[in-house]
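Shown below: final_37.csv, with CSV, C-alpha atoms.
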```
chain,number,residue,atom,x,y,z
A,18,MET,CA,3.1,-7.6,-15.5
A,19,GLN,CA,0.3,-9.8,-16.8
A,20,LEU,CA,1.2,-12.6,-14.3
A,21,THR,CA,1.1,-10.1,-11.4
A,22,GLU,CA,-2.3,-8.8,-12.5
A,23,THR,CA,-3.6,-12.3,-12.8
A,24,ILE,CA,-2.4,-13.1,-9.3
A,25,LEU,CA,-3.9,-9.9,-7.8
A,26,ASN,CA,-7.2,-10.7,-9.5
A,27,GLU,CA,-7.2,-14.1,-7.9
A,28,LEU,CA,-6.4,-12.6,-4.5
A,29,ARG,CA,-9.4,-10.3,-4.7
A,30,LYS,CA,-11.6,-13.0,-3.1
A,31,TYR,CA,-9.4,-12.7,0.0
A,32,GLU,CA,-9.1,-9.0,0.3
A,33,ASN,CA,-12.2,-8.7,2.6
A,34,SER,CA,-11.0,-11.5,4.9
A,35,ILE,CA,-9.5,-10.1,8.1
A,36,GLU,CA,-6.9,-12.9,8.1
A,37,HIS,CA,-5.6,-12.0,4.6
A,38,ALA,CA,-6.4,-8.3,4.3
A,39,ALA,CA,-2.9,-7.1,5.3
A,40,HIS,CA,-1.1,-9.4,2.8
A,41,VAL,CA,-3.4,-8.6,-0.1
A,42,ALA,CA,-3.3,-4.9,0.6
A,43,TYR,CA,0.5,-5.0,0.8
A,44,LEU,CA,0.9,-6.8,-2.5
A,45,ARG,CA,-1.7,-4.5,-4.2
A,46,ALA,CA,-0.1,-1.3,-2.9
A,47,GLN,CA,3.4,-2.4,-3.9
A,48,TYR,CA,2.2,-3.3,-7.4
A,49,ARG,CA,0.3,0.0,-7.7
A,50,ALA,CA,3.3,2.0,-6.5
A,51,LYS,CA,5.7,0.4,-8.9
A,52,GLU,CA,3.3,-0.2,-11.8
A,53,ARG,CA,4.6,2.7,-13.9
A,54,ILE,CA,7.0,5.5,-13.2
A,55,SER,CA,4.8,8.3,-12.0
A,56,ILE,CA,4.3,10.5,-9.0
A,57,GLU,CA,0.6,9.6,-8.8
A,58,LYS,CA,1.2,5.8,-8.4
A,59,PRO,CA,2.5,5.8,-4.8
A,60,ARG,CA,-0.3,8.2,-4.0
A,61,ASN,CA,-2.9,5.9,-5.5
A,62,ALA,CA,-1.3,3.0,-3.6
A,63,LEU,CA,-1.5,5.0,-0.4
A,64,ILE,CA,-5.1,5.8,-0.9
A,65,SER,CA,-5.8,2.1,-1.4
A,66,LEU,CA,-4.0,1.2,1.8
A,67,MET,CA,-5.8,3.9,3.8
A,68,THR,CA,-9.1,2.6,2.5
A,69,ARG,CA,-8.3,-0.9,3.7
A,70,VAL,CA,-7.2,0.4,7.1
A,71,HIS,CA,-10.5,2.3,7.3
A,72,ILE,CA,-12.4,-1.0,6.5
A,73,PHE,CA,-10.4,-3.0,9.0
A,74,PRO,CA,-9.3,-0.6,11.8
A,75,GLN,CA,-8.8,-3.5,14.2
A,76,CYS,CA,-6.2,-5.2,12.0
A,77,THR,CA,-2.8,-4.3,13.4
A,78,ALA,CA,-0.9,-6.1,10.6
A,79,LEU,CA,-2.6,-3.8,8.1
A,80,ARG,CA,-1.6,-0.7,10.1
A,81,LYS,CA,2.0,-2.0,10.1
A,82,VAL,CA,1.8,-2.4,6.3
A,83,LEU,CA,0.6,1.2,6.0
A,84,ALA,CA,3.4,2.4,8.3
A,85,ASN,CA,6.1,0.5,6.4
A,86,PHE,CA,4.7,1.8,3.1
A,87,LEU,CA,4.8,5.3,4.3
A,88,LEU,CA,8.4,4.9,5.5
A,89,ASP,CA,9.5,3.2,2.2
A,90,ASN,CA,7.9,5.7,-0.1
A,91,TYR,CA,7.8,8.9,1.9
A,92,GLY,CA,10.5,8.4,4.5
A,93,THR,CA,13.3,10.3,2.9
A,94,ALA,CA,11.1,13.2,2.1
A,95,LEU,CA,10.0,13.5,5.7
A,96,SER,CA,13.5,13.1,7.1
A,97,ASN,CA,14.7,15.8,4.7
A,98,LYS,CA,12.0,18.2,5.8
A,99,ILE,CA,12.9,17.5,9.5
A,100,GLN,CA,16.5,18.3,8.8
A,101,VAL,CA,15.6,21.6,7.1
A,102,LEU,CA,13.4,22.5,10.1
A,103,GLU,CA,16.2,21.7,12.5
A,104,GLU,CA,18.7,23.9,10.7
```

What would you get if you wrote out this structure as structure tokens?
Amino acid sequence: MQLTETILNELRKYENSIEHAAHVAYLRAQYRAKERISIEKPRNALISLMTRVHIFPQCTALRKVLANFLLDNYGTALSNKIQVLEE
């Protein structure tokens, strides 16, 4: 964990660069989502990603990261709700 935190701290200088925003946001969100077992961690990661998308709305790679994160972390819950609605 300490190595990951060190790397993320080093990447902070690139998080405001349009070129690297998607990569840094992805790594930070994945770390926050998996940091500890808690329901709040994926939510905090999602808030972080949404903030980055708001800052860089023109970055399609960042929107793809957000979409993939939603599918990875909330995809089964959404598909279960859709199945219930269809029945």

Name the residues, using the chain letters and numbers of the file, that sit within 12 Å of (-7.6, 1.0, 4.3) when counting only C-alpha atoms, and give them as a ChimeraX atom specification. /A:32-33,35,38-39,41-43,45-46,61-84

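CA of Gly92 (chain A) is positioned 28.4 Å from CA of Leu28 (chain A).
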
What is the CA of Glu22 (chain A)-CA of Thr93 (chain A) distance in Å, reported with one decimal?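 Interatomic distance here is 29.1 Å.
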
Give the answer as one residue: which of A:Lys58, A:Thr23, A:Ser34, A:Gln47 has the shortest atom-to-atom distance to Asp89 (chain A), using all atoms listed in the file?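 Smallest distance to Asp89 (chain A) is found for A:Gln47.
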
Quote the spacing between CA of Asn85 (chain A) and CA of Leu20 (chain A) in Å to one decimal place.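 About the pair CA of Asn85 (chain A) and CA of Leu20 (chain A): they are 25.0 Å apart.
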
Pick from A:Arg60, A:Glu36, A:Leu44, A:Leu87, whichever lies nearest to Ile24 (chain A) using only C-alpha atoms: A:Leu44
